[in-house]
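Visitor: What follows is input-v8.pdb; its format and atoms are PDB, C-alpha atoms (C1' of nucleotides).
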MODEL        1
ATOM      1  CA  MET A   1       0.000   0.000   0.000  1.00  0.00           C
ATOM      2  CA  ASN A   2       1.474   3.345  -1.035  1.00  0.00           C
ATOM      3  CA  ASN A   3       1.710   6.125   1.516  1.00  0.00           C
ATOM      4  CA  ARG A   4       2.811   9.728   1.881  1.00  0.00           C
ATOM      5  CA  LEU A   5       4.801   9.250   5.044  1.00  0.00           C
ATOM      6  CA  ARG A   6       8.149  10.203   3.542  1.00  0.00           C
ATOM      7  CA  VAL A   7       6.736  13.440   2.157  1.00  0.00           C
ATOM      8  CA  LEU A   8       4.983  14.397   5.381  1.00  0.00           C
ATOM      9  CA  ARG A   9       8.148  13.686   7.310  1.00  0.00           C
ATOM     10  CA  ALA A  10      10.266  15.699   4.887  1.00  0.00           C
ATOM     11  CA  GLU A  11       7.886  18.671   5.162  1.00  0.00           C
ATOM     12  CA  ARG A  12       8.724  18.754   8.856  1.00  0.00           C
ATOM     13  CA  ALA A  13      12.409  17.976   8.370  1.00  0.00           C
ATOM     14  CA  TRP A  14      12.208  15.031  10.713  1.00  0.00           C
ATOM     15  CA  SER A  15      14.573  12.081  10.513  1.00  0.00           C
ATOM     16  CA  GLN A  16      13.130   8.587  10.577  1.00  0.00           C
ATOM     17  CA  GLN A  17      14.426   8.422  14.129  1.00  0.00           C
ATOM     18  CA  ASP A  18      12.543  11.597  15.069  1.00  0.00           C
ATOM     19  CA  LEU A  19       9.334  10.241  13.640  1.00  0.00           C
ATOM     20  CA  ALA A  20       9.843   6.863  15.283  1.00  0.00           C
ATOM     21  CA  GLU A  21      10.182   8.511  18.682  1.00  0.00           C
ATOM     22  CA  ARG A  22       7.020  10.554  18.213  1.00  0.00           C
ATOM     23  CA  LEU A  23       5.161   7.406  17.238  1.00  0.00           C
ATOM     24  CA  GLU A  24       6.819   5.310  19.934  1.00  0.00           C
ATOM     25  CA  VAL A  25       7.961   2.676  17.474  1.00  0.00           C
ATOM     26  CA  SER A  26      11.389   1.633  16.237  1.00  0.00           C
ATOM     27  CA  ARG A  27      13.233   3.431  13.460  1.00  0.00           C
ATOM     28  CA  GLN A  28      13.147   0.185  11.496  1.00  0.00           C
ATOM     29  CA  SER A  29       9.355   0.183  11.594  1.00  0.00           C
ATOM     30  CA  VAL A  30       9.204   3.695  10.163  1.00  0.00           C
ATOM     31  CA  ASN A  31      11.688   2.728   7.480  1.00  0.00           C
ATOM     32  CA  ALA A  32       9.808  -0.455   6.587  1.00  0.00           C
ATOM     33  CA  ILE A  33       6.535   1.440   6.242  1.00  0.00           C
ATOM     34  CA  GLU A  34       8.115   4.212   4.160  1.00  0.00           C
ATOM     35  CA  THR A  35       9.851   1.781   1.850  1.00  0.00           C
ATOM     36  CA  GLY A  36       6.634  -0.222   1.497  1.00  0.00           C
ATOM     37  CA  ARG A  37       7.924  -3.416   3.022  1.00  0.00           C
ATOM     38  CA  TYR A  38       4.806  -3.684   5.124  1.00  0.00           C
ATOM     39  CA  ASP A  39       1.747  -1.732   6.184  1.00  0.00           C
ATOM     40  CA  PRO A  40       1.299  -0.491   9.736  1.00  0.00           C
ATOM     41  CA  SER A  41      -1.255  -2.012  12.049  1.00  0.00           C
ATOM     42  CA  LEU A  42      -4.532  -0.108  12.293  1.00  0.00           C
ATOM     43  CA  PRO A  43      -3.673   1.317  15.740  1.00  0.00           C
ATOM     44  CA  LEU A  44      -0.344   2.596  14.424  1.00  0.00           C
ATOM     45  CA  ALA A  45      -2.066   4.046  11.353  1.00  0.00           C
ATOM     46  CA  PHE A  46      -4.352   6.002  13.707  1.00  0.00           C
ATOM     47  CA  LYS A  47      -1.344   7.237  15.660  1.00  0.00           C
ATOM     48  CA  ILE A  48       0.346   8.406  12.464  1.00  0.00           C
ATOM     49  CA  ALA A  49      -2.818  10.153  11.274  1.00  0.00           C
ATOM     50  CA  ASP A  50      -3.141  11.863  14.657  1.00  0.00           C
ATOM     51  CA  LEU A  51       0.428  13.059  14.608  1.00  0.00           C
ATOM     52  CA  PHE A  52       0.041  14.700  11.211  1.00  0.00           C
ATOM     53  CA  GLY A  53      -3.502  15.903  11.841  1.00  0.00           C
ATOM     54  CA  LEU A  54      -4.795  14.059   8.798  1.00  0.00           C
ATOM     55  CA  ALA A  55      -7.221  11.242   8.061  1.00  0.00           C
ATOM     56  CA  ILE A  56      -5.778   7.790   7.527  1.00  0.00           C
ATOM     57  CA  GLU A  57      -7.076   7.956   3.962  1.00  0.00           C
ATOM     58  CA  GLU A  58      -5.023  11.108   3.364  1.00  0.00           C
ATOM     59  CA  ILE A  59      -1.804   9.317   4.248  1.00  0.00           C
ATOM     60  CA  PHE A  60      -2.321   5.724   3.166  1.00  0.00           C
ATOM     61  CA  LEU A  61      -3.566   5.227  -0.357  1.00  0.00           C
ATOM     62  CA  ASN A  62      -6.345   2.719  -0.703  1.00  0.00           C
ATOM     63  CA  PRO A  63      -5.068   0.145  -3.194  1.00  0.00           C
ATOM     64  CA  ALA A  64      -8.630  -0.561  -4.319  1.00  0.00           C
ATOM     65  CA  LYS A  65      -9.138   3.030  -5.447  1.00  0.00           C
ATOM     66  CA  GLU A  66      -8.000   4.267  -8.802  1.00  0.00           C
ATOM     67  CA  THR A  67      -7.620   7.922  -7.731  1.00  0.00           C
ATOM     68  CA  ASP A  68      -4.091   8.103  -6.371  1.00  0.00           C
ATOM     69  CA  GLN A  69      -4.538  11.706  -5.267  1.00  0.00           C
TER      70      GLN A  69
ATOM     71  CA  MET B   1     -10.301  -0.531  19.559  1.00  0.00           C
ATOM     72  CA  ASN B   2     -14.066  -0.085  19.470  1.00  0.00           C
ATOM     73  CA  ASN B   3     -15.873  -0.243  16.172  1.00  0.00           C
ATOM     74  CA  ARG B   4     -19.355   0.056  14.678  1.00  0.00           C
ATOM     75  CA  LEU B   5     -19.175  -3.067  12.548  1.00  0.00           C
ATOM     76  CA  ARG B   6     -21.977  -4.881  14.312  1.00  0.00           C
ATOM     77  CA  VAL B   7     -24.321  -1.921  13.898  1.00  0.00           C
ATOM     78  CA  LEU B   8     -23.471  -1.414  10.237  1.00  0.00           C
ATOM     79  CA  ARG B   9     -23.989  -5.099   9.613  1.00  0.00           C
ATOM     80  CA  ALA B  10     -27.298  -5.110  11.469  1.00  0.00           C
ATOM     81  CA  GLU B  11     -28.529  -2.123   9.456  1.00  0.00           C
ATOM     82  CA  ARG B  12     -28.129  -4.273   6.357  1.00  0.00           C
ATOM     83  CA  ALA B  13     -29.427  -7.447   8.018  1.00  0.00           C
ATOM     84  CA  TRP B  14     -26.293  -9.323   7.092  1.00  0.00           C
ATOM     85  CA  SER B  15     -25.051 -12.332   9.034  1.00  0.00           C
ATOM     86  CA  GLN B  16     -21.396 -12.481  10.021  1.00  0.00           C
ATOM     87  CA  GLN B  17     -21.057 -15.065   7.268  1.00  0.00           C
ATOM     88  CA  ASP B  18     -22.559 -12.673   4.698  1.00  0.00           C
ATOM     89  CA  LEU B  19     -20.162  -9.937   5.700  1.00  0.00           C
ATOM     90  CA  ALA B  20     -17.196 -12.305   5.726  1.00  0.00           C
ATOM     91  CA  GLU B  21     -17.946 -13.348   2.148  1.00  0.00           C
ATOM     92  CA  ARG B  22     -18.195  -9.758   0.965  1.00  0.00           C
ATOM     93  CA  LEU B  23     -14.871  -9.002   2.624  1.00  0.00           C
ATOM     94  CA  GLU B  24     -13.301 -12.267   1.500  1.00  0.00           C
ATOM     95  CA  VAL B  25     -12.257 -13.216   5.019  1.00  0.00           C
ATOM     96  CA  SER B  26     -13.398 -15.955   7.367  1.00  0.00           C
ATOM     97  CA  ARG B  27     -16.496 -15.659   9.544  1.00  0.00           C
ATOM     98  CA  GLN B  28     -14.221 -16.033  12.562  1.00  0.00           C
ATOM     99  CA  SER B  29     -12.282 -12.952  11.547  1.00  0.00           C
ATOM    100  CA  VAL B  30     -15.474 -10.900  11.349  1.00  0.00           C
ATOM    101  CA  ASN B  31     -16.546 -12.243  14.721  1.00  0.00           C
ATOM    102  CA  ALA B  32     -13.162 -11.526  16.309  1.00  0.00           C
ATOM    103  CA  ILE B  33     -13.195  -7.944  15.052  1.00  0.00           C
ATOM    104  CA  GLU B  34     -16.796  -7.365  16.175  1.00  0.00           C
ATOM    105  CA  THR B  35     -16.176  -8.793  19.614  1.00  0.00           C
ATOM    106  CA  GLY B  36     -13.001  -6.751  19.931  1.00  0.00           C
ATOM    107  CA  ARG B  37     -10.624  -9.655  20.198  1.00  0.00           C
ATOM    108  CA  TYR B  38      -8.345  -8.018  17.642  1.00  0.00           C
ATOM    109  CA  ASP B  39      -8.209  -5.137  15.193  1.00  0.00           C
ATOM    110  CA  PRO B  40      -8.187  -5.706  11.445  1.00  0.00           C
ATOM    111  CA  SER B  41      -5.055  -5.079   9.393  1.00  0.00           C
ATOM    112  CA  LEU B  42      -4.965  -1.727   7.608  1.00  0.00           C
ATOM    113  CA  PRO B  43      -5.755  -3.313   4.218  1.00  0.00           C
ATOM    114  CA  LEU B  44      -8.791  -5.072   5.677  1.00  0.00           C
ATOM    115  CA  ALA B  45      -9.895  -1.854   7.379  1.00  0.00           C
ATOM    116  CA  PHE B  46      -9.823  -0.165   3.950  1.00  0.00           C
ATOM    117  CA  LYS B  47     -11.871  -2.986   2.469  1.00  0.00           C
ATOM    118  CA  ILE B  48     -14.449  -2.666   5.238  1.00  0.00           C
ATOM    119  CA  ALA B  49     -14.639   1.110   4.813  1.00  0.00           C
ATOM    120  CA  ASP B  50     -15.087   0.667   1.062  1.00  0.00           C
ATOM    121  CA  LEU B  51     -17.869  -1.849   1.514  1.00  0.00           C
ATOM    122  CA  PHE B  52     -19.871   0.465   3.761  1.00  0.00           C
ATOM    123  CA  GLY B  53     -18.965   3.614   1.849  1.00  0.00           C
ATOM    124  CA  LEU B  54     -17.515   5.238   4.958  1.00  0.00           C
ATOM    125  CA  ALA B  55     -14.149   6.484   6.137  1.00  0.00           C
ATOM    126  CA  ILE B  56     -12.101   4.197   8.336  1.00  0.00           C
ATOM    127  CA  GLU B  57     -12.479   6.785  11.099  1.00  0.00           C
ATOM    128  CA  GLU B  58     -16.263   6.490  10.870  1.00  0.00           C
ATOM    129  CA  ILE B  59     -16.146   2.768  11.606  1.00  0.00           C
ATOM    130  CA  PHE B  60     -13.154   2.285  13.874  1.00  0.00           C
ATOM    131  CA  LEU B  61     -12.997   4.545  16.894  1.00  0.00           C
ATOM    132  CA  ASN B  62      -9.596   6.051  17.517  1.00  0.00           C
ATOM    133  CA  PRO B  63      -8.689   4.999  21.068  1.00  0.00           C
ATOM    134  CA  ALA B  64      -6.627   8.172  21.485  1.00  0.00           C
ATOM    135  CA  LYS B  65      -9.611  10.421  20.870  1.00  0.00           C
ATOM    136  CA  GLU B  66     -12.029  11.338  23.612  1.00  0.00           C
ATOM    137  CA  THR B  67     -14.968  11.998  21.259  1.00  0.00           C
ATOM    138  CA  ASP B  68     -16.533   8.585  20.830  1.00  0.00           C
ATOM    139  CA  GLN B  69     -19.039   9.903  18.318  1.00  0.00           C
TER     140      GLN B  69
ATOM    141  C1'  DT C   1     -38.545 -32.219  18.800  1.00  0.00           C
ATOM    142  C1'  DT C   2     -35.764 -32.002  15.098  1.00  0.00           C
ATOM    143  C1'  DG C   3     -33.190 -29.341  11.781  1.00  0.00           C
ATOM    144  C1'  DA C   4     -31.214 -25.202  10.102  1.00  0.00           C
ATOM    145  C1'  DC C   5     -29.095 -20.983  10.981  1.00  0.00           C
ATOM    146  C1'  DA C   6     -26.520 -17.405  13.756  1.00  0.00           C
ATOM    147  C1'  DT C   7     -23.184 -16.536  17.027  1.00  0.00           C
ATOM    148  C1'  DG C   8     -19.154 -17.271  20.302  1.00  0.00           C
ATOM    149  C1'  DT C   9     -15.087 -19.579  21.095  1.00  0.00           C
ATOM    150  C1'  DA C  10     -10.860 -22.732  20.980  1.00  0.00           C
ATOM    151  C1'  DA C  11      -6.579 -24.865  18.990  1.00  0.00           C
ATOM    152  C1'  DA C  12      -3.067 -25.145  15.609  1.00  0.00           C
ATOM    153  C1'  DG C  13      -0.715 -23.289  11.916  1.00  0.00           C
ATOM    154  C1'  DC C  14       0.774 -19.808   8.668  1.00  0.00           C
ATOM    155  C1'  DA C  15       1.378 -14.774   7.442  1.00  0.00           C
ATOM    156  C1'  DT C  16       2.312 -10.213   8.779  1.00  0.00           C
ATOM    157  C1'  DG C  17       3.843  -6.492  12.022  1.00  0.00           C
ATOM    158  C1'  DT C  18       7.280  -4.999  15.342  1.00  0.00           C
ATOM    159  C1'  DT C  19      11.403  -5.278  18.176  1.00  0.00           C
ATOM    160  C1'  DT C  20      16.541  -5.316  19.129  1.00  0.00           C
ATOM    161  C1'  DG C  21      21.093  -5.524  17.543  1.00  0.00           C
ATOM    162  C1'  DA C  22      24.019  -5.225  13.931  1.00  0.00           C
ATOM    163  C1'  DC C  23      26.254  -3.895   9.602  1.00  0.00           C
ATOM    164  C1'  DG C  24      27.062  -1.166   5.093  1.00  0.00           C
ATOM    165  C1'  DT C  25      26.915   3.053   2.604  1.00  0.00           C
ATOM    166  C1'  DA C  26      26.677   7.916   1.607  1.00  0.00           C
ATOM    167  C1'  DA C  27      26.884  12.791   2.805  1.00  0.00           C
ATOM    168  C1'  DA C  28      28.447  16.653   5.622  1.00  0.00           C
ATOM    169  C1'  DG C  29      31.481  19.039   8.919  1.00  0.00           C
ATOM    170  C1'  DC C  30      35.508  19.392  11.250  1.00  0.00           C
TER     171       DC C  30
ATOM    172  C1'  DG D   1      41.194  11.480   7.362  1.00  0.00           C
ATOM    173  C1'  DC D   2      37.847  11.043  11.071  1.00  0.00           C
ATOM    174  C1'  DT D   3      33.297  11.366  13.183  1.00  0.00           C
ATOM    175  C1'  DT D   4      28.607  11.917  13.105  1.00  0.00           C
ATOM    176  C1'  DT D   5      24.162  11.537  11.143  1.00  0.00           C
ATOM    177  C1'  DA D   6      20.752   9.495   8.081  1.00  0.00           C
ATOM    178  C1'  DC D   7      19.126   5.757   5.648  1.00  0.00           C
ATOM    179  C1'  DG D   8      18.540   0.813   3.955  1.00  0.00           C
ATOM    180  C1'  DT D   9      18.685  -3.752   5.213  1.00  0.00           C
ATOM    181  C1'  DC D  10      19.243  -8.358   7.568  1.00  0.00           C
ATOM    182  C1'  DA D  11      18.401 -11.982  11.126  1.00  0.00           C
ATOM    183  C1'  DA D  12      16.146 -13.736  15.093  1.00  0.00           C
ATOM    184  C1'  DA D  13      12.580 -13.503  18.158  1.00  0.00           C
ATOM    185  C1'  DC D  14       8.097 -12.348  19.620  1.00  0.00           C
ATOM    186  C1'  DA D  15       3.196 -10.369  18.975  1.00  0.00           C
ATOM    187  C1'  DT D  16      -0.804  -9.968  16.264  1.00  0.00           C
ATOM    188  C1'  DG D  17      -3.938 -11.057  12.316  1.00  0.00           C
ATOM    189  C1'  DC D  18      -6.096 -14.578   9.756  1.00  0.00           C
ATOM    190  C1'  DT D  19      -7.148 -19.461   8.308  1.00  0.00           C
ATOM    191  C1'  DT D  20      -9.355 -24.059   8.909  1.00  0.00           C
ATOM    192  C1'  DT D  21     -11.697 -27.313  11.694  1.00  0.00           C
ATOM    193  C1'  DA D  22     -14.431 -28.122  15.293  1.00  0.00           C
ATOM    194  C1'  DC D  23     -17.724 -27.766  19.092  1.00  0.00           C
ATOM    195  C1'  DA D  24     -21.312 -25.416  22.117  1.00  0.00           C
ATOM    196  C1'  DT D  25     -25.248 -22.501  22.645  1.00  0.00           C
ATOM    197  C1'  DG D  26     -29.585 -20.105  21.447  1.00  0.00           C
ATOM    198  C1'  DT D  27     -33.455 -19.141  18.361  1.00  0.00           C
ATOM    199  C1'  DC D  28     -36.879 -20.075  15.194  1.00  0.00           C
ATOM    200  C1'  DA D  29     -39.696 -22.564  11.994  1.00  0.00           C
ATOM    201  C1'  DA D  30     -41.606 -26.786  10.421  1.00  0.00           C
TER     202       DA D  30
ENDMDL
END
Now, as a test, write the supplied structure out as structure tokens.

Guide:
Amino acid sequence: MNNRLRVLRAERAWSQQDLAERLEVSRQSVNAIETGRYDPSLPLAFKIADLFGLAIEEIFLNPAKETDQ
Amino acid sequence: MNNRLRVLRAERAWSQQDLAERLEVSRQSVNAIETGRYDPSLPLAFKIADLFGLAIEEIFLNPAKETDQ
DNA sequence: TTGACATGTAAAGCATGTTTGACGTAAAGC
DNA sequence: GCTTTACGTCAAACATGCTTTACATGTCAA
């Protein structure tokens, strides 16, 4: 599932480590999600959405939808 | 994480089996999510939201938010 | 009162998400 | 050159999500 995490992080000039700390997960988890190696759990997706003040759907792109924003 | 799956299903008079088939998961998965034994994966959450024509946030209640709709 | 259906749950196994610790590489500053 | 920081990745271990099979209960209609 594609996501805009890298862009949102870059807009804030945060390192993966910075983001990981704010989300209370490991840096490797942030990296794996950004590089598309796996999707976050739903609770983590909510935490990410909260942190950026966006809806989950504005960060994670529904693979079933054609409109890729 | 609380969710409104049971209500949405009841509004359509679907059995757990009906819903499971539409989501292409097992009836036990639907039951486990409804009874709160575990949260769906993010991809499954998207599929559920699609099926009901709602946002993920309208079905799954963010545990970090006080406003429980 | 039997049969069919809906729901809850359990165990075992496989798939996915997350952790820690470690290593390689590249860029930037001193 | 050396050090530091950022990023990508790997392996092992553990946690969670999901499957199949199975069993128990309640309800409802015939």

Visitor: Given the PyMOL selection byres ((chain B) within 12 of (chain C)) and the file above, list the residues it selects as number ranges by chain.

Guide: B: 13-18, 27-32, 34-35, 37, 40-43

Visitor: Hey, can you spit out that residue selection with C-alpha atoms as a JSON list (two decimals), keeping the file's coordinate frame?

Guide:
[["chain", "number", "residue", "atom", "x", "y", "z"],
["B", 13, "ALA", "CA", -29.43, -7.45, 8.02],
["B", 14, "TRP", "CA", -26.29, -9.32, 7.09],
["B", 15, "SER", "CA", -25.05, -12.33, 9.03],
["B", 16, "GLN", "CA", -21.40, -12.48, 10.02],
["B", 17, "GLN", "CA", -21.06, -15.06, 7.27],
["B", 18, "ASP", "CA", -22.56, -12.67, 4.70],
["B", 27, "ARG", "CA", -16.50, -15.66, 9.54],
["B", 28, "GLN", "CA", -14.22, -16.03, 12.56],
["B", 29, "SER", "CA", -12.28, -12.95, 11.55],
["B", 30, "VAL", "CA", -15.47, -10.90, 11.35],
["B", 31, "ASN", "CA", -16.55, -12.24, 14.72],
["B", 32, "ALA", "CA", -13.16, -11.53, 16.31],
["B", 34, "GLU", "CA", -16.80, -7.36, 16.18],
["B", 35, "THR", "CA", -16.18, -8.79, 19.61],
["B", 37, "ARG", "CA", -10.62, -9.65, 20.20],
["B", 40, "PRO", "CA", -8.19, -5.71, 11.44],
["B", 41, "SER", "CA", -5.06, -5.08, 9.39],
["B", 42, "LEU", "CA", -4.96, -1.73, 7.61],
["B", 43, "PRO", "CA", -5.76, -3.31, 4.22]]

Visitor: Distance limit 8 Å, atoms considered: all atoms listed in the file. Which chain A residues sit that close to chain B? Return them as a ChimeraX atom specification.

Guide: /A:1,39-43,45-47,55-57,62,64

Visitor: Residues of chain D no more than 12 Å from chain A, counting only C-alpha atoms (C1' of nucleotides): send them over as an MDAnalysis selection string.

Guide: chainID D and resid 5:10 15:17

Visitor: Please provide chain A as a compact mmCIF listing (two decimals) with C-alpha atoms, keeping the file's coordinate frame, once it has been superposed on chain B by least squares across all sequentially paired Cα atoms.

Guide:
# COMPACT_ATOMS: atom_id res chain seq x y z
CA MET A 1 -10.28 -0.52 19.53
CA ASN A 2 -14.05 -0.06 19.47
CA ASN A 3 -15.88 -0.24 16.16
CA ARG A 4 -19.34 0.06 14.67
CA LEU A 5 -19.17 -3.06 12.56
CA ARG A 6 -21.98 -4.88 14.33
CA VAL A 7 -24.32 -1.92 13.90
CA LEU A 8 -23.47 -1.40 10.24
CA ARG A 9 -23.98 -5.09 9.61
CA ALA A 10 -27.30 -5.11 11.46
CA GLU A 11 -28.53 -2.12 9.44
CA ARG A 12 -28.12 -4.28 6.35
CA ALA A 13 -29.42 -7.45 8.00
CA TRP A 14 -26.30 -9.34 7.07
CA SER A 15 -25.06 -12.34 9.01
CA GLN A 16 -21.41 -12.49 10.00
CA GLN A 17 -21.06 -15.07 7.25
CA ASP A 18 -22.55 -12.68 4.68
CA LEU A 19 -20.17 -9.94 5.70
CA ALA A 20 -17.21 -12.30 5.73
CA GLU A 21 -17.93 -13.34 2.15
CA ARG A 22 -18.18 -9.75 0.97
CA LEU A 23 -14.87 -8.99 2.63
CA GLU A 24 -13.29 -12.26 1.50
CA VAL A 25 -12.25 -13.21 5.01
CA SER A 26 -13.38 -15.95 7.36
CA ARG A 27 -16.46 -15.69 9.55
CA GLN A 28 -14.19 -16.05 12.56
CA SER A 29 -12.28 -12.93 11.54
CA VAL A 30 -15.48 -10.90 11.36
CA ASN A 31 -16.55 -12.25 14.72
CA ALA A 32 -13.18 -11.52 16.32
CA ILE A 33 -13.22 -7.94 15.06
CA GLU A 34 -16.82 -7.37 16.18
CA THR A 35 -16.21 -8.80 19.62
CA GLY A 36 -13.03 -6.73 19.94
CA ARG A 37 -10.63 -9.63 20.19
CA TYR A 38 -8.36 -7.98 17.68
CA ASP A 39 -8.21 -5.13 15.20
CA PRO A 40 -8.17 -5.72 11.46
CA SER A 41 -5.08 -5.11 9.40
CA LEU A 42 -4.99 -1.76 7.61
CA PRO A 43 -5.77 -3.33 4.21
CA LEU A 44 -8.81 -5.09 5.68
CA ALA A 45 -9.90 -1.86 7.39
CA PHE A 46 -9.83 -0.17 3.96
CA LYS A 47 -11.89 -3.00 2.48
CA ILE A 48 -14.47 -2.67 5.25
CA ALA A 49 -14.64 1.10 4.82
CA ASP A 50 -15.10 0.65 1.07
CA LEU A 51 -17.88 -1.85 1.51
CA PHE A 52 -19.87 0.47 3.76
CA GLY A 53 -18.97 3.62 1.84
CA LEU A 54 -17.52 5.23 4.95
CA ALA A 55 -14.14 6.48 6.13
CA ILE A 56 -12.11 4.19 8.34
CA GLU A 57 -12.46 6.78 11.10
CA GLU A 58 -16.25 6.50 10.87
CA ILE A 59 -16.14 2.79 11.60
CA PHE A 60 -13.15 2.30 13.87
CA LEU A 61 -12.96 4.57 16.87
CA ASN A 62 -9.58 6.08 17.50
CA PRO A 63 -8.66 5.05 21.04
CA ALA A 64 -6.58 8.21 21.44
CA LYS A 65 -9.59 10.44 20.87
CA GLU A 66 -12.00 11.32 23.61
CA THR A 67 -14.98 11.95 21.30
CA ASP A 68 -16.55 8.53 20.89
CA GLN A 69 -19.07 9.82 18.36

Visitor: What is the CA of Ile33 in chain A to CA of Leu19 in chain A distance in Å?

Guide: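 Taking CA of Ile33 in chain A and CA of Leu19 in chain A, their separation equals 11.8 Å.
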
Visitor: Just to confirm, what's the straight-line distance from CA of Gly53 in chain B to CA of Leu23 in chain A in Å (one decimal)?

Guide: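 Rounded to one decimal, the two atoms are 28.9 Å apart.
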
Visitor: Using Å and a single decimal, report how far CA of Tyr38 in chain B sits from CA of Arg4 in chain B.

Guide: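 It comes out at 14.0 Å.
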